[in-house]
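Next comes data-v9.pdb, a file with PDB, C-alpha atoms.
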```pdb
ATOM      1  CA  MET A  16     106.734 119.471 117.682  1.00  0.00           C
ATOM      2  CA  ALA A  17     108.446 116.089 117.811  1.00  0.00           C
ATOM      3  CA  GLY A  18     108.679 116.118 121.581  1.00  0.00           C
ATOM      4  CA  SER A  19     105.209 117.539 122.148  1.00  0.00           C
ATOM      5  CA  ARG A  20     102.595 115.369 123.836  1.00  0.00           C
ATOM      6  CA  PHE A  21      99.755 117.618 122.719  1.00  0.00           C
ATOM      7  CA  GLU A  22      97.643 115.645 120.238  1.00  0.00           C
ATOM      8  CA  LYS A  23      96.366 118.769 118.463  1.00  0.00           C
ATOM      9  CA  LEU A  24      99.790 119.665 117.043  1.00  0.00           C
ATOM     10  CA  GLY A  25     100.302 117.997 113.666  1.00  0.00           C
ATOM     11  CA  SER A  26      99.367 114.493 112.613  1.00  0.00           C
ATOM     12  CA  VAL A  27     100.587 111.318 114.245  1.00  0.00           C
ATOM     13  CA  PHE A  28     102.736 110.631 111.167  1.00  0.00           C
ATOM     14  CA  ARG A  29     104.502 113.995 111.393  1.00  0.00           C
ATOM     15  CA  ARG A  30     105.092 113.548 115.088  1.00  0.00           C
ATOM     16  CA  MET A  31     106.558 110.074 114.563  1.00  0.00           C
ATOM     17  CA  GLN A  32     108.689 111.424 111.713  1.00  0.00           C
ATOM     18  CA  GLY A  33     110.105 114.087 114.006  1.00  0.00           C
ATOM     19  CA  LEU A  34     110.859 111.530 116.732  1.00  0.00           C
ATOM     20  CA  LEU A  35     112.754 109.360 114.245  1.00  0.00           C
ATOM     21  CA  LYS A  36     114.785 112.278 112.890  1.00  0.00           C
ATOM     22  CA  SER A  37     115.702 113.509 116.353  1.00  0.00           C
ATOM     23  CA  GLY A  38     116.757 110.031 117.469  1.00  0.00           C
ATOM     24  CA  ALA A  39     114.178 109.862 120.248  1.00  0.00           C
ATOM     25  CA  ILE A  40     112.956 106.642 118.620  1.00  0.00           C
ATOM     26  CA  SER A  41     115.373 104.308 116.871  1.00  0.00           C
ATOM     27  CA  GLN A  42     114.703 102.733 113.494  1.00  0.00           C
ATOM     28  CA  SER A  43     114.299  99.337 115.147  1.00  0.00           C
ATOM     29  CA  GLU A  44     111.426 100.735 117.235  1.00  0.00           C
ATOM     30  CA  LYS A  45     109.661 102.275 114.244  1.00  0.00           C
ATOM     31  CA  PRO A  46     105.999 101.165 114.159  1.00  0.00           C
ATOM     32  CA  VAL A  47     104.808  98.933 111.332  1.00  0.00           C
ATOM     33  CA  TRP A  48     102.249 101.423 110.057  1.00  0.00           C
ATOM     34  CA  TYR A  49     104.867 104.142 109.443  1.00  0.00           C
ATOM     35  CA  ASP A  50     106.187 102.758 106.134  1.00  0.00           C
ATOM     36  CA  VAL A  51     102.665 101.940 104.967  1.00  0.00           C
ATOM     37  CA  TYR A  52     101.548 105.494 105.695  1.00  0.00           C
ATOM     38  CA  ALA A  53     104.593 106.901 103.886  1.00  0.00           C
ATOM     39  CA  ALA A  54     103.941 104.711 100.826  1.00  0.00           C
ATOM     40  CA  PHE A  55     100.169 105.317 100.728  1.00  0.00           C
ATOM     41  CA  PRO A  56      99.428 108.645 102.403  1.00  0.00           C
ATOM     42  CA  PRO A  57      95.760 109.594 102.824  1.00  0.00           C
ATOM     43  CA  LYS A  58      94.226 112.352 100.722  1.00  0.00           C
ATOM     44  CA  LEU A  59      93.509 114.354 103.852  1.00  0.00           C
ATOM     45  CA  ALA A  60      95.963 114.261 106.726  1.00  0.00           C
ATOM     46  CA  PRO A  61      94.352 113.004 109.971  1.00  0.00           C
ATOM     47  CA  VAL A  62      94.911 116.179 111.956  1.00  0.00           C
ATOM     48  CA  TYR A  63      92.819 117.469 114.821  1.00  0.00           C
ATOM     49  CA  ASP A  64      91.317 120.470 113.014  1.00  0.00           C
ATOM     50  CA  ARG A  65      90.248 118.538 109.908  1.00  0.00           C
ATOM     51  CA  PRO A  66      86.521 119.150 109.277  1.00  0.00           C
ATOM     52  CA  LEU A  67      84.246 116.174 109.715  1.00  0.00           C
ATOM     53  CA  PRO A  68      82.506 114.854 106.587  1.00  0.00           C
ATOM     54  CA  ASN A  69      78.821 115.647 106.381  1.00  0.00           C
ATOM     55  CA  GLN A  70      77.405 112.192 105.807  1.00  0.00           C
ATOM     56  CA  THR A  71      75.205 109.712 107.619  1.00  0.00           C
ATOM     57  CA  VAL A  72      76.796 106.515 108.864  1.00  0.00           C
ATOM     58  CA  GLN A  73      74.772 103.553 107.690  1.00  0.00           C
ATOM     59  CA  GLN A  74      73.797 101.085 110.393  1.00  0.00           C
ATOM     60  CA  ILE A  75      74.824  97.527 109.630  1.00  0.00           C
ATOM     61  CA  LEU A  76      72.353  94.939 110.890  1.00  0.00           C
ATOM     62  CA  TYR A  77      72.491  91.298 109.887  1.00  0.00           C
ATOM     63  CA  PRO A  78      69.313  89.195 109.803  1.00  0.00           C
ATOM     64  CA  GLU A  79      70.595  86.815 112.489  1.00  0.00           C
ATOM     65  CA  ASP A  80      71.410  89.633 114.930  1.00  0.00           C
ATOM     66  CA  LEU A  81      67.816  89.760 116.165  1.00  0.00           C
ATOM     67  CA  LEU A  82      67.811  85.977 116.465  1.00  0.00           C
ATOM     68  CA  ARG A  83      70.982  86.048 118.553  1.00  0.00           C
ATOM     69  CA  ALA A  84      69.492  88.721 120.805  1.00  0.00           C
ATOM     70  CA  LYS A  85      66.375  86.605 121.370  1.00  0.00           C
ATOM     71  CA  PHE A  86      68.464  83.489 122.019  1.00  0.00           C
ATOM     72  CA  TYR A  87      70.541  85.175 124.737  1.00  0.00           C
ATOM     73  CA  ALA A  88      67.411  86.717 126.253  1.00  0.00           C
ATOM     74  CA  VAL A  89      65.776  83.289 126.565  1.00  0.00           C
ATOM     75  CA  TYR A  90      68.751  81.032 127.315  1.00  0.00           C
ATOM     76  CA  GLY A  91      71.347  83.438 128.691  1.00  0.00           C
ATOM     77  CA  GLU A  92      74.961  82.270 128.345  1.00  0.00           C
ATOM     78  CA  PRO A  93      74.720  78.479 127.958  1.00  0.00           C
ATOM     79  CA  ASP A  94      78.448  77.886 127.516  1.00  0.00           C
ATOM     80  CA  ILE A  95      81.877  79.409 128.019  1.00  0.00           C
ATOM     81  CA  VAL A  96      83.440  80.960 124.939  1.00  0.00           C
ATOM     82  CA  VAL A  97      87.088  79.995 124.476  1.00  0.00           C
ATOM     83  CA  MET A  98      88.679  82.568 122.191  1.00  0.00           C
ATOM     84  CA  LEU A  99      91.741  80.387 121.554  1.00  0.00           C
ATOM     85  CA  ASN A 100      89.636  77.677 119.906  1.00  0.00           C
ATOM     86  CA  GLU A 101      88.045  79.263 116.853  1.00  0.00           C
ATOM     87  CA  LYS A 102      86.980  75.921 115.394  1.00  0.00           C
ATOM     88  CA  LYS A 103      84.528  75.175 118.198  1.00  0.00           C
ATOM     89  CA  LYS A 104      81.172  76.798 117.557  1.00  0.00           C
ATOM     90  CA  THR A 105      79.167  78.296 120.377  1.00  0.00           C
ATOM     91  CA  THR A 106      75.709  77.041 121.236  1.00  0.00           C
ATOM     92  CA  CYS A 107      74.265  80.280 119.912  1.00  0.00           C
ATOM     93  CA  GLN A 108      76.007  79.800 116.564  1.00  0.00           C
ATOM     94  CA  LEU A 109      74.724  76.225 116.327  1.00  0.00           C
ATOM     95  CA  PHE A 110      71.252  77.517 117.115  1.00  0.00           C
ATOM     96  CA  VAL A 111      71.459  80.150 114.365  1.00  0.00           C
ATOM     97  CA  GLU A 112      72.657  77.609 111.810  1.00  0.00           C
ATOM     98  CA  LYS A 113      69.879  75.187 112.756  1.00  0.00           C
ATOM     99  CA  TYR A 114      67.344  78.016 112.586  1.00  0.00           C
ATOM    100  CA  ILE A 115      68.435  78.944 109.050  1.00  0.00           C
ATOM    101  CA  GLU A 116      68.444  75.285 108.017  1.00  0.00           C
ATOM    102  CA  LEU A 117      64.892  74.715 109.249  1.00  0.00           C
ATOM    103  CA  LYS A 118      63.721  77.939 107.668  1.00  0.00           C
ATOM    104  CA  LYS A 119      65.002  76.801 104.284  1.00  0.00           C
ATOM    105  CA  SER A 120      63.235  73.462 104.749  1.00  0.00           C
ATOM    106  CA  GLY A 121      59.875  75.218 105.017  1.00  0.00           C
ATOM    107  CA  VAL A 122      59.198  75.341 108.767  1.00  0.00           C
ATOM    108  CA  PRO A 123      56.775  78.202 109.584  1.00  0.00           C
ATOM    109  CA  ASP A 124      58.363  81.292 111.126  1.00  0.00           C
ATOM    110  CA  ALA A 125      56.137  81.066 114.206  1.00  0.00           C
ATOM    111  CA  LYS A 126      57.556  77.630 115.058  1.00  0.00           C
ATOM    112  CA  LEU A 127      61.172  78.128 114.000  1.00  0.00           C
ATOM    113  CA  PHE A 128      62.553  79.173 117.391  1.00  0.00           C
ATOM    114  CA  GLU A 129      61.020  76.280 119.324  1.00  0.00           C
ATOM    115  CA  ALA A 130      61.825  73.804 116.546  1.00  0.00           C
ATOM    116  CA  SER A 131      65.479  74.867 116.497  1.00  0.00           C
ATOM    117  CA  ALA A 132      65.769  74.434 120.260  1.00  0.00           C
ATOM    118  CA  ARG A 133      64.118  71.016 120.064  1.00  0.00           C
ATOM    119  CA  GLU A 134      66.500  69.883 117.318  1.00  0.00           C
ATOM    120  CA  LEU A 135      69.553  70.899 119.347  1.00  0.00           C
ATOM    121  CA  LYS A 136      68.256  69.112 122.440  1.00  0.00           C
ATOM    122  CA  GLU A 137      67.775  65.950 120.397  1.00  0.00           C
ATOM    123  CA  GLN A 138      71.428  66.225 119.357  1.00  0.00           C
ATOM    124  CA  GLY A 139      72.471  66.162 123.007  1.00  0.00           C
ATOM    125  CA  ILE A 140      72.974  69.901 123.488  1.00  0.00           C
ATOM    126  CA  ARG A 141      71.678  71.031 126.863  1.00  0.00           C
ATOM    127  CA  LEU A 142      69.505  74.120 126.644  1.00  0.00           C
ATOM    128  CA  ARG A 143      67.861  75.627 129.700  1.00  0.00           C
ATOM    129  CA  THR A 144      65.979  78.878 129.827  1.00  0.00           C
ATOM    130  CA  VAL A 145      66.881  81.666 132.224  1.00  0.00           C
ATOM    131  CA  GLU A 146      63.675  80.957 134.146  1.00  0.00           C
ATOM    132  CA  GLU A 147      64.614  77.294 134.579  1.00  0.00           C
ATOM    133  CA  LEU A 148      68.100  78.232 135.767  1.00  0.00           C
ATOM    134  CA  ASN A 149      66.679  80.640 138.345  1.00  0.00           C
ATOM    135  CA  LYS A 150      64.352  77.931 139.679  1.00  0.00           C
ATOM    136  CA  GLU A 151      67.272  75.520 140.015  1.00  0.00           C
ATOM    137  CA  LYS A 152      69.284  78.131 141.902  1.00  0.00           C
ATOM    138  CA  GLU A 153      66.342  78.703 144.248  1.00  0.00           C
ATOM    139  CA  LYS A 154      66.020  74.974 144.937  1.00  0.00           C
ATOM    140  CA  ARG A 155      69.750  74.651 145.628  1.00  0.00           C
ATOM    141  CA  LEU A 156      69.638  77.616 147.990  1.00  0.00           C
ATOM    142  CA  GLN A 157      66.710  76.174 149.927  1.00  0.00           C
ATOM    143  CA  ALA A 158      68.458  72.792 150.092  1.00  0.00           C
ATOM    144  CA  ASP A 159      71.596  74.452 151.483  1.00  0.00           C
ATOM    145  CA  ILE A 160      69.537  76.263 154.122  1.00  0.00           C
ATOM    146  CA  LEU A 161      67.825  73.024 155.177  1.00  0.00           C
ATOM    147  CA  SER A 162      71.152  71.198 155.271  1.00  0.00           C
ATOM    148  CA  ALA A 163      72.757  73.880 157.428  1.00  0.00           C
ATOM    149  CA  SER A 164      69.735  73.958 159.735  1.00  0.00           C
ATOM    150  CA  SER A 165      69.761  70.177 160.159  1.00  0.00           C
ATOM    151  CA  ALA A 166      73.463  70.211 160.970  1.00  0.00           C
ATOM    152  CA  LEU A 167      72.833  72.727 163.769  1.00  0.00           C
ATOM    153  CA  GLY A 168      69.704  71.008 165.035  1.00  0.00           C
ATOM    154  CA  GLN A 169      67.479  73.917 164.108  1.00  0.00           C
ATOM    155  CA  HIS A 170      64.740  74.579 161.608  1.00  0.00           C
ATOM    156  CA  PRO A 171      64.669  77.403 159.083  1.00  0.00           C
ATOM    157  CA  SER A 172      62.107  80.078 159.714  1.00  0.00           C
ATOM    158  CA  ALA A 173      59.127  80.686 157.486  1.00  0.00           C
ATOM    159  CA  GLU A 174      61.012  83.572 155.948  1.00  0.00           C
ATOM    160  CA  GLY A 175      63.944  81.377 154.954  1.00  0.00           C
ATOM    161  CA  THR A 176      62.992  81.252 151.277  1.00  0.00           C
ATOM    162  CA  PHE A 177      64.766  82.526 148.212  1.00  0.00           C
ATOM    163  CA  GLY A 178      65.011  86.298 148.125  1.00  0.00           C
ATOM    164  CA  LYS A 179      64.247  86.694 151.856  1.00  0.00           C
ATOM    165  CA  ARG A 180      66.515  86.875 154.823  1.00  0.00           C
ATOM    166  CA  ALA A 181      67.013  83.476 156.425  1.00  0.00           C
ATOM    167  CA  ARG A 182      66.983  82.892 160.153  1.00  0.00           C
ATOM    168  CA  SER A 183      70.340  83.080 161.880  1.00  0.00           C
ATOM    169  CA  HIS A 184      71.846  79.667 162.628  1.00  0.00           C
ATOM    170  CA  GLU A 185      74.177  80.812 165.397  1.00  0.00           C
ATOM    171  CA  PRO A 186      73.901  78.514 168.458  1.00  0.00           C
ATOM    172  CA  ASN A 187      71.995  80.035 171.372  1.00  0.00           C
ATOM    173  CA  ALA A 188      73.352  80.474 174.903  1.00  0.00           C
ATOM    174  CA  MET A 189      72.170  77.037 176.070  1.00  0.00           C
ATOM    175  CA  HIS A 190      73.926  75.314 173.198  1.00  0.00           C
ATOM    176  CA  LYS A 191      77.088  77.304 173.843  1.00  0.00           C
ATOM    177  CA  ASP A 192      77.133  76.316 177.527  1.00  0.00           C
ATOM    178  CA  LYS A 193      76.513  72.673 176.689  1.00  0.00           C
ATOM    179  CA  LEU A 194      79.259  72.727 174.105  1.00  0.00           C
ATOM    180  CA  LYS A 195      81.639  74.322 176.592  1.00  0.00           C
ATOM    181  CA  ASP A 196      80.859  71.701 179.237  1.00  0.00           C
ATOM    182  CA  ASN A 197      81.382  68.863 176.777  1.00  0.00           C
ATOM    183  CA  LEU A 198      84.730  70.246 175.698  1.00  0.00           C
ATOM    184  CA  MET A 199      85.893  70.742 179.281  1.00  0.00           C
ATOM    185  CA  ASP A 200      84.718  67.253 180.285  1.00  0.00           C
ATOM    186  CA  ASP A 201      86.672  65.749 177.410  1.00  0.00           C
ATOM    187  CA  TYR A 202      89.693  67.721 178.504  1.00  0.00           C
ATOM    188  CA  PHE A 203      89.515  66.646 182.144  1.00  0.00           C
ATOM    189  CA  ASP A 204      89.052  62.984 181.225  1.00  0.00           C
ATOM    190  CA  ASP A 205      92.747  62.972 180.363  1.00  0.00           C
ATOM    191  CA  PHE A 206      93.667  65.601 182.941  1.00  0.00           C
ATOM    192  CA  ASN A 207      96.539  64.889 185.288  1.00  0.00           C
ATOM    193  CA  PRO A 208      95.834  66.533 188.697  1.00  0.00           C
ATOM    194  CA  SER A 209      99.513  66.724 189.446  1.00  0.00           C
ATOM    195  CA  ASP A 210      99.980  69.089 186.501  1.00  0.00           C
ATOM    196  CA  ASP A 211      97.663  71.797 187.702  1.00  0.00           C
ATOM    197  CA  LEU A 212      95.247  70.874 190.490  1.00  0.00           C
ATOM    198  CA  LYS A 213      94.154  74.467 190.966  1.00  0.00           C
ATOM    199  CA  LEU A 214      92.714  74.661 187.442  1.00  0.00           C
ATOM    200  CA  LYS A 215      90.406  71.688 187.984  1.00  0.00           C
ATOM    201  CA  THR A 216      89.321  72.983 191.406  1.00  0.00           C
ATOM    202  CA  LYS A 217      88.475  76.375 189.938  1.00  0.00           C
ATOM    203  CA  TYR A 218      86.503  74.815 187.112  1.00  0.00           C
ATOM    204  CA  ASP A 219      84.501  72.571 189.488  1.00  0.00           C
ATOM    205  CA  SER A 220      83.638  75.550 191.684  1.00  0.00           C
ATOM    206  CA  GLU A 221      82.401  77.539 188.681  1.00  0.00           C
ATOM    207  CA  ARG A 222      80.175  74.678 187.572  1.00  0.00           C
TER     208      ARG A 222
END
```

Translate the structure described by the file into structure tokens.
Amino acid sequence: MAGSRFEKLGSVFRRMQGLLKSGAISQSEKPVWYDVYAAFPPKLAPVYDRPLPNQTVQQILYPEDLLRAKFYAVYGEPDIVVMLNEKKKTTCQLFVEKYIELKKSGVPDAKLFEASARELKEQGIRLRTVEELNKEKEKRLQADILSASSALGQHPSAEGTFGKRARSHEPNAMHKDKLKDNLMDDYFDDFNPSDDLKLKTKYDSER
């Protein structure tokens, strides 16, 4: 059983015990929980065929959970959570604390959410709703389309708005020919006929 990989045979403690006795796992590699399990074994061994208890699991719901859900629905993810810095509170946590503080001070429930957001903004915390962020993204996209169109000497089509396919900005055939001629003219300005006279003659005949 010690070498078996089938999880239905025995408990994890018995399997680890067999691996230690057989030498498959050295004492230095023994997991931390092994000695704790041996000192305080459970009343019922956690084996596969142990019957499940017939009881209802109670749902745990904190009062601020609904507030957090509403905050993220309205404001999205306003900041980046750094797990290494536990001392820095997230904007959502600051919002919850301000909400509870205002509620204790007697602010009506109907105005608590807006009042909490207003208080944080007055403290210099930037809060923007998801709708406001989407509008800013749309404006930036339209500005990028106009900038790209101006750089190519074209105008965006009427369909070049957010959520619709913009007009292609690839230069047409006339622009390509003009660009080719300009490049070749710049090349032949410094061209030395003695290097390759045939190339210039061929190019002039094609033009």

> Can you list, as an NGL selection string, every protein, DNA or RNA residue that comes within 12 Å of Ala88 of chain A when you count all atoms listed in the file, leaving out same-chain residues fewer than 2 positions away?
Replying inline: :A and (81-86 or 90-93 or 107 or 143-146)

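Here the question is which of A:Val89, A:Leu156, A:Leu127, A:Val122 gets nearest to Leu142 of chain A using all atoms listed in the file, and that residue is A:Val89.
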
Set out as CSV a contact list for segment 36-55 of chain A and segment 21-32 of chain A with a cut-off of 9 Å, giving each residue of segment 36-55 of chain A that qualifies its closest atom pair and distance in Å to one decimal, counting all atoms listed in the file, ordered by chain and rising residue number.
```
residue,atom,partner,partner_atom,distance
A:Lys36,CA,A:Gln32,CA,6.3
A:Ser37,CA,A:Gln32,CA,8.7
A:Ile40,CA,A:Met31,CA,8.3
A:Lys45,CA,A:Met31,CA,8.4
A:Pro46,CA,A:Met31,CA,8.9
A:Tyr49,CA,A:Phe28,CA,7.0
A:Tyr52,CA,A:Phe28,CA,7.6
A:Ala53,CA,A:Phe28,CA,8.4
```

Report, as JSON, the centre and edge lengths in Å (one decimal) of the axis-aligned box enclosing every listed atom of segment 142-149 of chain A, padded by 8 Å on each side.
```
{"center_x": 66.6, "center_y": 77.9, "center_z": 132.5, "size_x": 21.8, "size_y": 23.5, "size_z": 27.7}
```

>> Could you tell me how far atom CA of Ile115 of chain A sits from atom CA of Ser131 of chain A, in Å to one decimal place?
In response: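 Between atom CA of Ser131 of chain A and atom CA of Ile115 of chain A the gap is 9.0 Å.
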
> Hey, can you check how far atom CA of Asp94 of chain A sits from atom CA of Leu135 of chain A?
Replying inline: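 Atom-to-atom, atom CA of Asp94 of chain A to atom CA of Leu135 of chain A, that is 14.0 Å.
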
> Hey, can you check how far atom CA of Lys104 of chain A sits from atom CA of Ile140 of chain A?
Replying inline: 12.2 Å

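Residue nearest Leu109 of chain A within the list A:Val97, A:Gln138, A:Ala125, A:Leu76: A:Gln138 [criterion: smallest interatomic distance, all atoms listed in the file].
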
>> Can you tell me which residues surround Leu59 of chain A at a distance of at most 12 Å, considering only C-alpha atoms, apart from same-chain residues fewer than 5 positions away, and format the answer as a ChimeraX atom specification?
In response: /A:26,64-68
